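Text of upload.cif, listed as mmCIF, C-alpha atoms and all ligand atoms:
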```cif
data_run
#
loop_
_atom_site.label_atom_id
_atom_site.label_comp_id
_atom_site.auth_asym_id
_atom_site.auth_seq_id
_atom_site.Cartn_x
_atom_site.Cartn_y
_atom_site.Cartn_z
CA MET O 1 -9.82 9.15 15.50
CA ASN O 2 -6.57 10.03 13.74
CA ILE O 3 -4.46 7.10 14.91
CA VAL O 4 -5.38 3.50 14.21
CA ARG O 5 -4.66 1.21 17.18
CA TRP O 6 -3.52 -2.17 15.82
CA GLY O 7 -3.62 -5.64 17.32
CA LEU O 8 -1.88 -8.76 16.03
CA LEU O 9 -3.95 -11.94 16.05
CA SER O 10 -1.27 -14.57 16.68
CA THR O 11 2.47 -14.53 17.04
CA ALA O 12 3.06 -15.71 13.45
CA ASN O 13 6.41 -15.36 11.73
CA ILE O 14 5.04 -12.95 9.17
CA ASN O 15 4.21 -10.39 11.89
CA ARG O 16 7.83 -9.33 11.83
CA ARG O 17 7.16 -7.68 8.45
CA LEU O 18 4.00 -5.86 9.59
CA ILE O 19 5.33 -4.57 12.88
CA PRO O 20 7.89 -2.17 11.35
CA ALA O 21 5.34 -1.06 8.75
CA ILE O 22 2.80 -0.13 11.44
CA ARG O 23 5.49 1.60 13.48
CA ALA O 24 6.79 3.52 10.49
CA SER O 25 3.37 5.13 10.01
CA GLU O 26 2.37 8.33 11.78
CA ARG O 27 -1.21 7.10 11.66
CA GLY O 28 -0.73 3.69 13.23
CA GLU O 29 0.16 2.41 16.67
CA LEU O 30 0.85 -1.21 17.59
CA VAL O 31 -1.00 -1.74 20.85
CA ALA O 32 -1.59 -5.45 21.40
CA VAL O 33 -0.84 -9.03 20.50
CA ALA O 34 -2.90 -12.15 21.21
CA SER O 35 -1.75 -15.73 21.33
CA ARG O 36 -3.41 -19.02 22.29
CA ARG O 37 -1.25 -19.09 25.41
CA GLN O 38 -0.66 -16.18 27.78
CA ALA O 39 3.01 -17.09 28.27
CA GLN O 40 3.60 -16.95 24.53
CA ALA O 41 1.75 -13.63 24.24
CA ASP O 42 3.80 -12.18 27.13
CA ALA O 43 7.10 -13.35 25.68
CA TYR O 44 6.23 -12.02 22.24
CA ALA O 45 5.06 -8.67 23.63
CA ALA O 46 8.34 -8.36 25.56
CA GLU O 47 10.44 -9.29 22.52
CA TRP O 48 8.67 -6.79 20.23
CA ASP O 49 7.92 -4.14 22.86
CA ILE O 50 4.13 -4.35 22.46
CA PRO O 51 2.17 -2.80 25.37
CA LEU O 52 -0.65 -5.36 25.76
CA ALA O 53 -0.54 -9.17 25.61
CA PHE O 54 -3.69 -11.31 25.54
CA GLY O 55 -3.76 -15.05 26.26
CA SER O 56 -6.62 -15.77 23.88
CA TYR O 57 -7.78 -14.35 20.57
CA GLU O 58 -11.27 -13.68 21.95
CA ALA O 59 -9.83 -11.63 24.82
CA LEU O 60 -8.16 -9.25 22.37
CA LEU O 61 -11.33 -8.94 20.28
CA ALA O 62 -13.41 -8.07 23.32
CA SER O 63 -10.81 -5.78 24.91
CA GLY O 64 -11.85 -2.46 23.37
CA GLU O 65 -8.13 -1.62 23.14
CA VAL O 66 -7.73 -1.84 19.34
CA ASP O 67 -9.41 -0.50 16.20
CA ALA O 68 -7.88 -2.85 13.63
CA LEU O 69 -6.59 -6.39 13.58
CA TYR O 70 -3.93 -8.02 11.46
CA ILE O 71 -4.90 -11.68 11.03
CA SER O 72 -1.92 -13.92 10.36
CA LEU O 73 -3.39 -17.27 11.37
CA PRO O 74 -3.14 -20.51 9.37
CA ASN O 75 -5.31 -20.25 6.27
CA HIS O 76 -8.25 -22.35 7.52
CA LEU O 77 -8.76 -19.96 10.48
CA HIS O 78 -8.86 -16.71 8.48
CA ALA O 79 -12.61 -16.75 7.91
CA GLU O 80 -13.68 -17.61 11.45
CA TRP O 81 -11.53 -14.97 13.13
CA THR O 82 -12.14 -12.31 10.51
CA VAL O 83 -15.90 -12.65 10.97
CA ARG O 84 -15.57 -12.61 14.76
CA ALA O 85 -13.36 -9.52 14.65
CA LEU O 86 -15.76 -7.67 12.33
CA GLU O 87 -18.65 -8.58 14.62
CA HIS O 88 -16.72 -6.97 17.47
CA GLY O 89 -16.59 -3.79 15.39
CA LEU O 90 -12.94 -4.12 14.38
CA HIS O 91 -11.40 -3.41 11.00
CA VAL O 92 -9.44 -6.32 9.55
CA LEU O 93 -6.39 -6.78 7.37
CA CYS O 94 -6.40 -10.53 6.67
CA GLU O 95 -3.48 -12.45 5.22
CA LYS O 96 -3.62 -14.22 1.88
CA PRO O 97 -5.15 -16.55 0.95
CA PHE O 98 -8.21 -14.80 2.31
CA ALA O 99 -10.06 -18.08 2.92
CA VAL O 100 -10.12 -21.56 1.43
CA THR O 101 -13.76 -21.86 0.33
CA LEU O 102 -16.14 -19.43 -1.39
CA PRO O 103 -18.87 -19.69 1.29
CA GLU O 104 -16.23 -18.58 3.82
CA VAL O 105 -15.26 -15.62 1.63
CA ASP O 106 -18.91 -14.64 1.31
CA ARG O 107 -19.40 -14.79 5.08
CA MET O 108 -16.41 -12.48 5.51
CA LEU O 109 -17.73 -10.00 2.93
CA ASP O 110 -21.20 -10.07 4.49
CA ALA O 111 -19.75 -9.45 7.97
CA ALA O 112 -17.76 -6.44 6.72
CA ARG O 113 -20.83 -4.98 5.04
CA ASP O 114 -23.21 -5.70 7.94
CA ASN O 115 -20.87 -4.22 10.54
CA GLY O 116 -19.69 -1.31 8.40
CA ARG O 117 -16.01 -2.12 8.88
CA VAL O 118 -13.01 -2.12 6.57
CA LEU O 119 -11.83 -5.54 5.41
CA ALA O 120 -8.94 -6.16 3.02
CA GLU O 121 -6.65 -8.94 1.84
CA ALA O 122 -2.99 -8.42 2.68
CA PHE O 123 -1.41 -8.58 -0.79
CA MET O 124 1.54 -6.34 -0.07
CA TYR O 125 3.13 -6.47 -3.54
CA ARG O 126 0.08 -4.78 -5.08
CA HIS O 127 0.98 -1.59 -3.19
CA HIS O 128 4.61 -1.53 -4.27
CA PRO O 129 5.76 0.91 -6.98
CA GLN O 130 7.16 -1.98 -9.06
CA THR O 131 3.63 -3.36 -9.55
CA LYS O 132 2.08 0.07 -10.05
CA ILE O 133 4.70 1.16 -12.61
CA ALA O 134 4.35 -2.14 -14.48
CA ALA O 135 0.56 -1.82 -14.63
CA ALA O 136 0.78 1.80 -15.84
CA TRP O 137 3.38 0.85 -18.47
CA ILE O 138 1.06 -1.84 -19.83
CA ARG O 139 -1.99 0.45 -19.63
CA ASP O 140 -0.10 3.09 -21.61
CA GLY O 141 0.22 0.60 -24.46
CA HIS O 142 4.00 0.04 -24.52
CA LEU O 143 3.52 -3.73 -24.78
CA GLY O 144 0.67 -3.67 -27.27
CA GLU O 145 -1.81 -6.41 -26.48
CA ILE O 146 -0.95 -8.87 -23.72
CA SER O 147 -0.36 -12.30 -25.21
CA VAL O 148 1.23 -14.44 -22.49
CA MET O 149 2.18 -13.93 -18.84
CA ARG O 150 4.55 -16.21 -16.92
CA GLY O 151 4.80 -16.01 -13.16
CA VAL O 152 6.62 -18.03 -10.52
CA PHE O 153 6.87 -18.09 -6.74
CA ASN O 154 8.90 -20.99 -5.35
CA PHE O 155 10.87 -21.72 -2.24
CA SER O 156 12.37 -24.69 -0.48
CA MET O 157 10.37 -25.98 2.49
CA SER O 158 12.84 -27.33 5.01
CA ASN O 159 10.50 -27.54 8.02
CA ARG O 160 8.20 -30.55 7.61
CA ALA O 161 6.05 -29.35 10.54
CA ASN O 162 5.10 -26.16 8.70
CA ILE O 163 1.41 -25.17 8.60
CA ARG O 164 1.72 -25.09 4.78
CA LEU O 165 2.01 -28.90 4.64
CA VAL O 166 -1.28 -29.65 6.43
CA PRO O 167 -4.07 -30.33 3.91
CA GLU O 168 -6.94 -29.51 6.30
CA TRP O 169 -5.40 -26.14 7.15
CA GLY O 170 -5.36 -24.85 3.58
CA GLY O 171 -1.85 -26.11 2.94
CA GLY O 172 -0.27 -26.36 -0.49
CA SER O 173 1.97 -24.28 -2.69
CA LEU O 174 -0.82 -22.81 -4.82
CA TRP O 175 -2.69 -21.51 -1.77
CA ASP O 176 0.54 -20.27 -0.24
CA VAL O 177 2.58 -18.70 -3.04
CA GLY O 178 0.89 -19.55 -6.35
CA VAL O 179 -1.70 -16.92 -5.39
CA TYR O 180 0.91 -14.22 -6.09
CA PRO O 181 1.40 -14.78 -9.83
CA LEU O 182 -2.29 -15.74 -10.10
CA SER O 183 -3.46 -12.46 -8.58
CA MET O 184 -0.92 -10.48 -10.62
CA ALA O 185 -2.23 -12.02 -13.86
CA GLN O 186 -5.84 -11.28 -12.94
CA TYR O 187 -4.94 -7.74 -11.92
CA LEU O 188 -3.14 -7.01 -15.19
CA MET O 189 -6.00 -8.55 -17.22
CA GLY O 190 -8.65 -6.69 -15.20
CA GLY O 191 -10.44 -9.81 -14.00
CA PRO O 192 -10.47 -13.60 -13.80
CA PRO O 193 -9.91 -16.01 -16.70
CA VAL O 194 -12.64 -17.84 -18.57
CA TRP O 195 -11.16 -21.25 -17.87
CA VAL O 196 -8.12 -22.80 -16.24
CA HIS O 197 -6.07 -25.95 -16.34
CA GLY O 198 -3.91 -27.13 -13.44
CA ASP O 199 -1.35 -29.84 -12.71
CA GLN O 200 0.12 -30.70 -9.36
CA TRP O 201 2.63 -32.89 -7.59
CA ILE O 202 1.33 -34.01 -4.22
CA GLY O 203 3.93 -34.52 -1.52
CA PRO O 204 3.88 -37.04 1.35
CA SER O 205 1.72 -34.85 3.62
CA GLY O 206 -1.03 -34.66 0.99
CA VAL O 207 -0.61 -31.09 -0.29
CA ASP O 208 0.62 -29.86 -3.67
CA GLU O 209 4.32 -29.21 -3.25
CA SER O 210 4.50 -28.07 -6.87
CA PHE O 211 1.72 -26.67 -8.98
CA THR O 212 1.52 -25.33 -12.52
CA GLY O 213 -1.57 -23.70 -13.92
CA THR O 214 -2.70 -22.04 -17.11
CA LEU O 215 -5.26 -19.24 -17.01
CA HIS O 216 -7.11 -18.59 -20.29
CA PHE O 217 -8.60 -15.10 -20.55
CA ALA O 218 -11.28 -13.79 -22.86
CA GLY O 219 -9.63 -12.50 -26.05
CA GLY O 220 -6.91 -15.17 -26.01
CA ALA O 221 -4.35 -13.97 -23.45
CA MET O 222 -2.91 -16.71 -21.26
CA ALA O 223 -1.00 -16.85 -18.00
CA GLN O 224 1.26 -19.70 -16.98
CA ILE O 225 1.75 -19.70 -13.23
CA SER O 226 3.75 -22.00 -11.02
CA SER O 227 4.51 -22.44 -7.36
CA ALA O 228 6.59 -24.93 -5.42
CA PHE O 229 8.04 -25.83 -2.03
CA ARG O 230 10.78 -27.79 -3.80
CA THR O 231 13.25 -25.33 -5.30
CA PRO O 232 15.43 -22.54 -3.91
CA TRP O 233 13.69 -19.19 -3.51
CA TYR O 234 12.58 -17.71 -6.84
CA THR O 235 10.01 -15.07 -7.74
CA HIS O 236 9.55 -13.71 -11.23
CA PHE O 237 6.84 -12.36 -13.53
CA ASP O 238 7.03 -11.67 -17.30
CA VAL O 239 4.41 -10.03 -19.46
CA LEU O 240 4.80 -10.74 -23.17
CA GLY O 241 2.85 -8.43 -25.46
CA THR O 242 2.51 -7.95 -29.19
CA LYS O 243 4.99 -5.01 -29.10
CA GLY O 244 7.46 -6.06 -26.42
CA ARG O 245 7.88 -7.60 -23.01
CA LEU O 246 8.10 -6.47 -19.42
CA VAL O 247 10.29 -8.48 -17.07
CA MET O 248 9.60 -8.14 -13.35
CA THR O 249 12.51 -9.42 -11.28
CA ARG O 250 11.76 -10.28 -7.63
CA PRO O 251 8.20 -8.97 -7.76
CA PHE O 252 6.77 -10.71 -4.69
CA THR O 253 9.42 -10.47 -2.00
CA GLY O 254 10.95 -7.91 0.29
CA LEU O 255 14.18 -9.93 0.53
CA ASP O 256 17.19 -8.42 -1.29
CA SER O 257 14.97 -5.62 -2.52
CA ASP O 258 17.98 -3.92 -4.14
CA GLN O 259 17.77 -6.70 -6.75
CA ARG O 260 14.20 -5.78 -7.68
CA ARG O 261 14.05 -4.76 -11.37
CA LEU O 262 11.56 -3.76 -14.02
CA THR O 263 12.90 -4.20 -17.54
CA PHE O 264 11.17 -3.38 -20.81
CA VAL O 265 12.36 -5.00 -24.03
CA ASP O 266 10.80 -3.50 -27.16
CA GLU O 267 10.07 -5.06 -30.54
CA ARG O 268 13.59 -4.19 -31.79
CA ASP O 269 15.00 -6.07 -28.77
CA GLN O 270 16.17 -2.81 -27.17
CA THR O 271 16.26 -2.98 -23.38
CA GLN O 272 15.19 -0.20 -21.05
CA GLU O 273 15.35 -0.32 -17.24
CA LEU O 274 12.35 1.38 -15.64
CA PRO O 275 13.44 2.90 -12.31
CA VAL O 276 11.68 1.40 -9.27
CA PRO O 277 11.87 3.27 -5.97
CA ASP O 278 13.10 1.03 -3.13
CA VAL O 279 10.02 1.33 -0.92
CA GLU O 280 9.47 -0.93 2.09
CA LEU O 281 7.23 -3.73 0.77
CA TYR O 282 4.72 -3.94 3.64
CA SER O 283 4.10 -0.23 4.27
CA GLY O 284 1.66 0.19 1.39
CA GLU O 285 -0.95 -2.22 2.71
CA VAL O 286 -0.83 -0.61 6.16
CA GLU O 287 -1.23 2.92 4.77
CA ASP O 288 -4.02 1.66 2.52
CA MET O 289 -5.86 0.45 5.64
CA HIS O 290 -5.27 3.79 7.34
CA ASP O 291 -6.74 5.63 4.34
CA ALA O 292 -9.75 3.33 4.35
CA ILE O 293 -10.37 3.46 8.12
CA LEU O 294 -9.65 7.15 8.70
CA PHE O 295 -10.97 8.64 5.43
CA GLY O 296 -13.28 6.03 3.96
CA HIS O 297 -11.14 5.53 0.86
CA PRO O 298 -11.68 2.26 -1.05
CA ASN O 299 -8.95 -0.33 -0.47
CA LEU O 300 -6.58 -0.82 -3.38
CA VAL O 301 -7.36 -4.55 -3.51
CA GLY O 302 -11.14 -4.67 -3.55
CA LEU O 303 -13.14 -7.51 -2.05
CA ASN O 304 -14.56 -8.62 -5.41
CA GLU O 305 -11.01 -9.00 -6.63
CA THR O 306 -10.17 -10.97 -3.50
CA ARG O 307 -13.14 -13.25 -4.07
CA ASP O 308 -11.89 -13.86 -7.62
CA HIS O 309 -8.48 -14.92 -6.27
CA VAL O 310 -10.08 -17.68 -4.20
CA ARG O 311 -12.45 -18.66 -7.01
CA THR O 312 -9.60 -19.19 -9.47
CA VAL O 313 -7.46 -21.14 -6.97
CA LEU O 314 -10.39 -23.48 -6.32
CA ALA O 315 -10.92 -23.95 -10.08
CA LEU O 316 -7.22 -24.75 -10.56
CA TYR O 317 -7.26 -27.36 -7.80
CA GLU O 318 -10.42 -28.87 -9.24
CA SER O 319 -8.79 -29.02 -12.68
CA ALA O 320 -5.65 -30.66 -11.29
CA GLN O 321 -7.78 -33.29 -9.54
CA ARG O 322 -10.04 -34.01 -12.52
CA GLY O 323 -7.34 -33.69 -15.17
CA GLU O 324 -9.44 -31.42 -17.36
CA ARG O 325 -10.13 -27.73 -17.92
CA VAL O 326 -12.46 -25.99 -15.48
CA TYR O 327 -14.56 -22.99 -16.42
CA ILE O 328 -14.92 -20.08 -14.01
CA ASP O 329 -18.63 -19.37 -13.73
N1 LIG Y 401 1.98 -11.63 2.84
C1 LIG Y 401 3.09 -12.27 3.09
O1 LIG Y 401 4.18 -11.84 2.73
C2 LIG Y 401 3.04 -13.54 3.87
C3 LIG Y 401 4.22 -14.19 4.21
C4 LIG Y 401 4.15 -15.31 5.02
C5 LIG Y 401 2.91 -15.78 5.43
N2 LIG Y 401 1.78 -15.16 5.05
C6 LIG Y 401 0.47 -15.66 5.51
O2 LIG Y 401 0.40 -15.43 6.90
C7 LIG Y 401 -0.26 -16.51 7.55
C8 LIG Y 401 0.67 -17.05 8.63
O3 LIG Y 401 1.84 -17.57 8.04
P1 LIG Y 401 3.17 -17.78 8.94
O4 LIG Y 401 4.14 -18.54 8.14
O5 LIG Y 401 3.59 -16.48 9.51
O6 LIG Y 401 2.58 -18.75 10.06
P2 LIG Y 401 3.20 -19.29 11.41
O7 LIG Y 401 4.51 -18.65 11.71
O8 LIG Y 401 3.13 -20.77 11.37
O9 LIG Y 401 2.18 -18.73 12.49
C9 LIG Y 401 0.83 -19.03 12.50
C10 LIG Y 401 0.29 -18.63 13.87
O10 LIG Y 401 -1.07 -19.03 13.96
C11 LIG Y 401 -1.38 -19.34 15.29
N3 LIG Y 401 -2.14 -20.60 15.29
C12 LIG Y 401 -3.44 -20.74 15.63
N4 LIG Y 401 -3.85 -21.99 15.53
C13 LIG Y 401 -2.77 -22.70 15.11
C14 LIG Y 401 -2.56 -24.06 14.83
N5 LIG Y 401 -3.54 -24.98 14.96
N6 LIG Y 401 -1.34 -24.45 14.45
C15 LIG Y 401 -0.35 -23.56 14.29
N7 LIG Y 401 -0.49 -22.23 14.53
C16 LIG Y 401 -1.69 -21.82 14.95
C17 LIG Y 401 -0.08 -19.44 16.07
O11 LIG Y 401 -0.02 -18.29 16.92
P3 LIG Y 401 -0.17 -18.37 18.52
O12 LIG Y 401 0.62 -19.59 18.94
O13 LIG Y 401 0.44 -17.10 18.94
O14 LIG Y 401 -1.62 -18.47 18.82
C18 LIG Y 401 1.01 -19.33 15.02
O15 LIG Y 401 2.09 -18.58 15.46
C19 LIG Y 401 -0.64 -17.49 6.46
O16 LIG Y 401 -1.96 -17.25 6.07
C20 LIG Y 401 0.29 -17.15 5.32
O17 LIG Y 401 -0.27 -17.42 4.05
C21 LIG Y 401 1.82 -14.04 4.29
#
```

Encoded form using structure tokens:
Amino acid sequence: MNIVRWGLLSTANINRRLIPAIRASERGELVAVASRRQAQADAYAAEWDIPLAFGSYEALLASGEVDALYISLPNHLHAEWTVRALEHGLHVLCEKPFAVTLPEVDRMLDAARDNGRVLAEAFMYRHHPQTKIAAAWIRDGHLGEISVMRGVFNFSMSNRANIRLVPEWGGGSLWDVGVYPLSMAQYLMGGPPVWVHGDQWIGPSGVDESFTGTLHFAGGAMAQISSAFRTPWYTHFDVLGTKGRLVMTRPFTGLDSDQRRLTFVDERDQTQELPVPDVELYSGEVEDMHDAILFGHPNLVGLNETRDHVRTVLALYESAQRGERVYID
């Protein structure tokens, strides 16, 4: 095999970002889409020029026509369909958040191991040069020791029928977009915090429409993260160290990518722009899957790291409910 045949599990909005990334790769081919209704699958396949359209998810899994699946279902369905796909011998790129409970995550990891298939969480920003350059800059010691990180991902939710507002479907701003600054903080610190504290504002549908959390790491570093469905679009991440700060502008979005910046401010308050190549945001995660499937390379975002994302989100929600700090065990 030197070409990975991809299928899309659902006709989700986010697919429109993955489709060009698969098509831009010499090692990937978009072969099929599945939807809960045949008419929807047919219409979507016609709109996006996809050769095969399946009227149920199971039909695509059993078809033998694809090697890898992109799972872009509502959050509460990620685990079920990831496990089923792996059991059909398919490789899986599953959207964030990977799952909404730890037993689900563990079932997904077990299924990948037992079936010998590649499984990864679709955190596209981790593959972008802006993130990689920032991490290398910090690793090289330009900031000294990390003291505080501050990360935000907010947007305004106009559609009240959105899947993100349904509590039983893994709705909520922390699950949806708070996971970006959370995962960035854990990545830069090399692992999860020792304890967390969270606060939330619950909207009329019963999900957190704003969330703020503090992550306390061993050694004293802290991350303040926030997410919301109640402000205009805003993504940002700052790392404040003992010798300077790194300001990441627009770190988690492919929109207006020409405005993406990485700025270092040293201890004398001198500012330096670090050049960031304008790379398509979603290509990295697709090529990472190709490397893993075709050559057995480890995925950039490992499954232990993914498990830690879910673990910390759950601890933050627990803290927000109980009104006290929660330790990550
Ligand atoms: N990485 C990123 O940049 C990014 C960005 C946006 C979203 N996401 C993630 O991608 C996933 C999908 O988000 P989205 O906004 O693209 O979702 P969406 O447009 O609402 O699509 C979800 C799809 O799931 C299928 N589905 C199955 N059961 C459903 C149900 N009971 N209710 C509604 N839809 C159901 C539907 O496809 P059919 O009708 O075809 O079966 C629907 O089109 C989420 O996990 C989200 O966190 C990631």

ask   = Between O:Gly284, O:Leu294, O:Asn304, O:Trp195, which is the closest to Glu324 in chain O once you count only C-alpha atoms?
value = O:Trp195

request  = Tell me which protein, DNA and RNA residues are within 10 Å of Ser63 in chain O, counting only C-alpha atoms, leaving out same-chain ones fewer than 4 positions away, and put them as JSON, numbers by chain.
outcome  = {"O": [32, 54, 58, 59, 88]}

Output C-alpha atoms for every residue in that selection, as a PDB file, in the coordinates of the input.
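Final file, part.pdb:
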```pdb
ATOM      1  CA  ALA O  32      -1.590  -5.450  21.400  1.00  0.00           C
ATOM      2  CA  PHE O  54      -3.690 -11.310  25.540  1.00  0.00           C
ATOM      3  CA  GLU O  58     -11.270 -13.680  21.950  1.00  0.00           C
ATOM      4  CA  ALA O  59      -9.830 -11.630  24.820  1.00  0.00           C
ATOM      5  CA  HIS O  88     -16.720  -6.970  17.470  1.00  0.00           C
TER       6      HIS O  88
END
```

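Reported to one decimal place, the separation of CA of Met184 in chain O from CA of Arg126 in chain O is 8.0 Å.
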
task = Find the residues near ligand LIG 401 (chain Y). Use a cut-off of 7 Å, count all atoms listed in the file, and write them as a ChimeraX atom specification.
result = /O:10-15,34-37,40-41,72-75,95-97,122-124,162-163,176

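Considering the residues O:Gly116, O:Gly198, O:Pro103, O:Gly190 and counting all atoms listed in the file, Leu86 in chain O has its shortest atom-to-atom contact with O:Gly116.
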
key: Among listed residues O:Val66, O:Val239, O:Leu77, O:Ala111, nearest Met149 in chain O (using all atoms listed in the file)   = O:Val239

request  = Dump as a ChimeraX atom specification all residues having an atom at most 12 Å from (5.6, 4.0, -14.0), computed in the file's coordinates with only C-alpha atoms.
outcome  = /O:128-140,142,262-264,273-277

Would you save the residues of that selection, restricted to C-alpha atoms, as a tab-separated table (two decimals), keeping the file's coordinate frame?
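Ended up saving to out-v2.tsv:
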```tsv
chain	number	residue	atom	x	y	z
O	128	HIS	CA	4.61	-1.53	-4.27
O	129	PRO	CA	5.76	0.91	-6.98
O	130	GLN	CA	7.16	-1.98	-9.06
O	131	THR	CA	3.63	-3.36	-9.55
O	132	LYS	CA	2.08	0.07	-10.05
O	133	ILE	CA	4.70	1.16	-12.61
O	134	ALA	CA	4.35	-2.14	-14.48
O	135	ALA	CA	0.56	-1.82	-14.63
O	136	ALA	CA	0.78	1.80	-15.84
O	137	TRP	CA	3.38	0.85	-18.47
O	138	ILE	CA	1.06	-1.84	-19.83
O	139	ARG	CA	-1.99	0.45	-19.63
O	140	ASP	CA	-0.10	3.09	-21.61
O	142	HIS	CA	4.00	0.04	-24.52
O	262	LEU	CA	11.56	-3.76	-14.02
O	263	THR	CA	12.90	-4.20	-17.54
O	264	PHE	CA	11.17	-3.38	-20.81
O	273	GLU	CA	15.35	-0.32	-17.24
O	274	LEU	CA	12.35	1.38	-15.64
O	275	PRO	CA	13.44	2.90	-12.31
O	276	VAL	CA	11.68	1.40	-9.27
O	277	PRO	CA	11.87	3.27	-5.97
```

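Comparing the minimum interatomic distances between Gln186 in chain O and each of O:Ala46, O:Ala53, O:Val310, O:Val279, counting all atoms listed in the file, we find that O:Val310 sits nearest.
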
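Among the candidates O:Tyr70, O:Tyr317, O:Tyr125, O:Tyr57, the residue lying nearest to Ser183 in chain O is O:Tyr125 (atoms considered: all atoms listed in the file).
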
Kindly provide, as lines of an AutoDock Vina configuration file, the centre and edge lengths (Å, one decimal) of an axis-aligned box around all atoms of range 288-307 of chain O given in the file, with 5 Å on each side.
```
center_x = -9.3
center_y = -2.3
center_z = 1.0
size_x = 20.5
size_y = 31.9
size_z = 25.3
```

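Between CA of Arg150 in chain O and CA of Asp258 in chain O the interatomic distance comes to 22.2 Å.
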
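The closest residue to Glu209 in chain O, picked from O:His127, O:His236, O:Arg230, O:Arg23 and counting all atoms listed in the file, is O:Arg230.
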
Please write range 116-150 of chain O of the preceding block to a file containing C-alpha atoms, as an mmCIF file, in the first residue's frame?
```cif
data_model
loop_
_atom_site.group_PDB
_atom_site.id
_atom_site.type_symbol
_atom_site.label_atom_id
_atom_site.label_comp_id
_atom_site.auth_asym_id
_atom_site.auth_seq_id
_atom_site.Cartn_x
_atom_site.Cartn_y
_atom_site.Cartn_z
ATOM 1 C CA GLY O 116 -2.981 -3.375 15.399
ATOM 2 C CA ARG O 117 -4.339 -0.211 13.793
ATOM 3 C CA VAL O 118 -3.318 3.438 13.937
ATOM 4 C CA LEU O 119 -5.482 5.672 16.107
ATOM 5 C CA ALA O 120 -4.899 9.383 16.705
ATOM 6 C CA GLU O 121 -6.676 12.464 17.999
ATOM 7 C CA ALA O 122 -7.181 15.192 15.409
ATOM 8 C CA PHE O 123 -5.434 18.130 17.092
ATOM 9 C CA MET O 124 -4.413 19.938 13.933
ATOM 10 C CA TYR O 125 -2.640 22.891 15.595
ATOM 11 C CA ARG O 126 -0.027 20.566 17.107
ATOM 12 C CA HIS O 127 1.287 19.871 13.596
ATOM 13 C CA HIS O 128 1.556 23.512 12.578
ATOM 14 C CA PRO O 129 4.978 25.215 12.471
ATOM 15 C CA GLN O 130 3.744 27.935 14.851
ATOM 16 C CA THR O 131 3.344 25.353 17.627
ATOM 17 C CA LYS O 132 6.553 23.521 16.752
ATOM 18 C CA ILE O 133 8.635 26.719 16.615
ATOM 19 C CA ALA O 134 7.154 27.910 19.920
ATOM 20 C CA ALA O 135 7.943 24.597 21.626
ATOM 21 C CA ALA O 136 11.513 24.590 20.278
ATOM 22 C CA TRP O 137 12.019 28.217 21.357
ATOM 23 C CA ILE O 138 10.948 27.334 24.898
ATOM 24 C CA ARG O 139 13.003 24.118 24.901
ATOM 25 C CA ASP O 140 16.064 26.118 23.839
ATOM 26 C CA GLY O 141 15.740 28.158 27.023
ATOM 27 C CA HIS O 142 14.886 31.599 25.595
ATOM 28 C CA LEU O 143 12.095 32.055 28.145
ATOM 29 C CA GLY O 144 13.950 30.660 31.134
ATOM 30 C CA GLU O 145 11.583 28.695 33.330
ATOM 31 C CA ILE O 146 7.883 28.720 32.472
ATOM 32 C CA SER O 147 5.965 30.591 35.148
ATOM 33 C CA VAL O 148 2.468 31.215 33.779
ATOM 34 C CA MET O 149 0.597 30.334 30.590
ATOM 35 C CA ARG O 150 -2.625 32.012 29.477
#
```
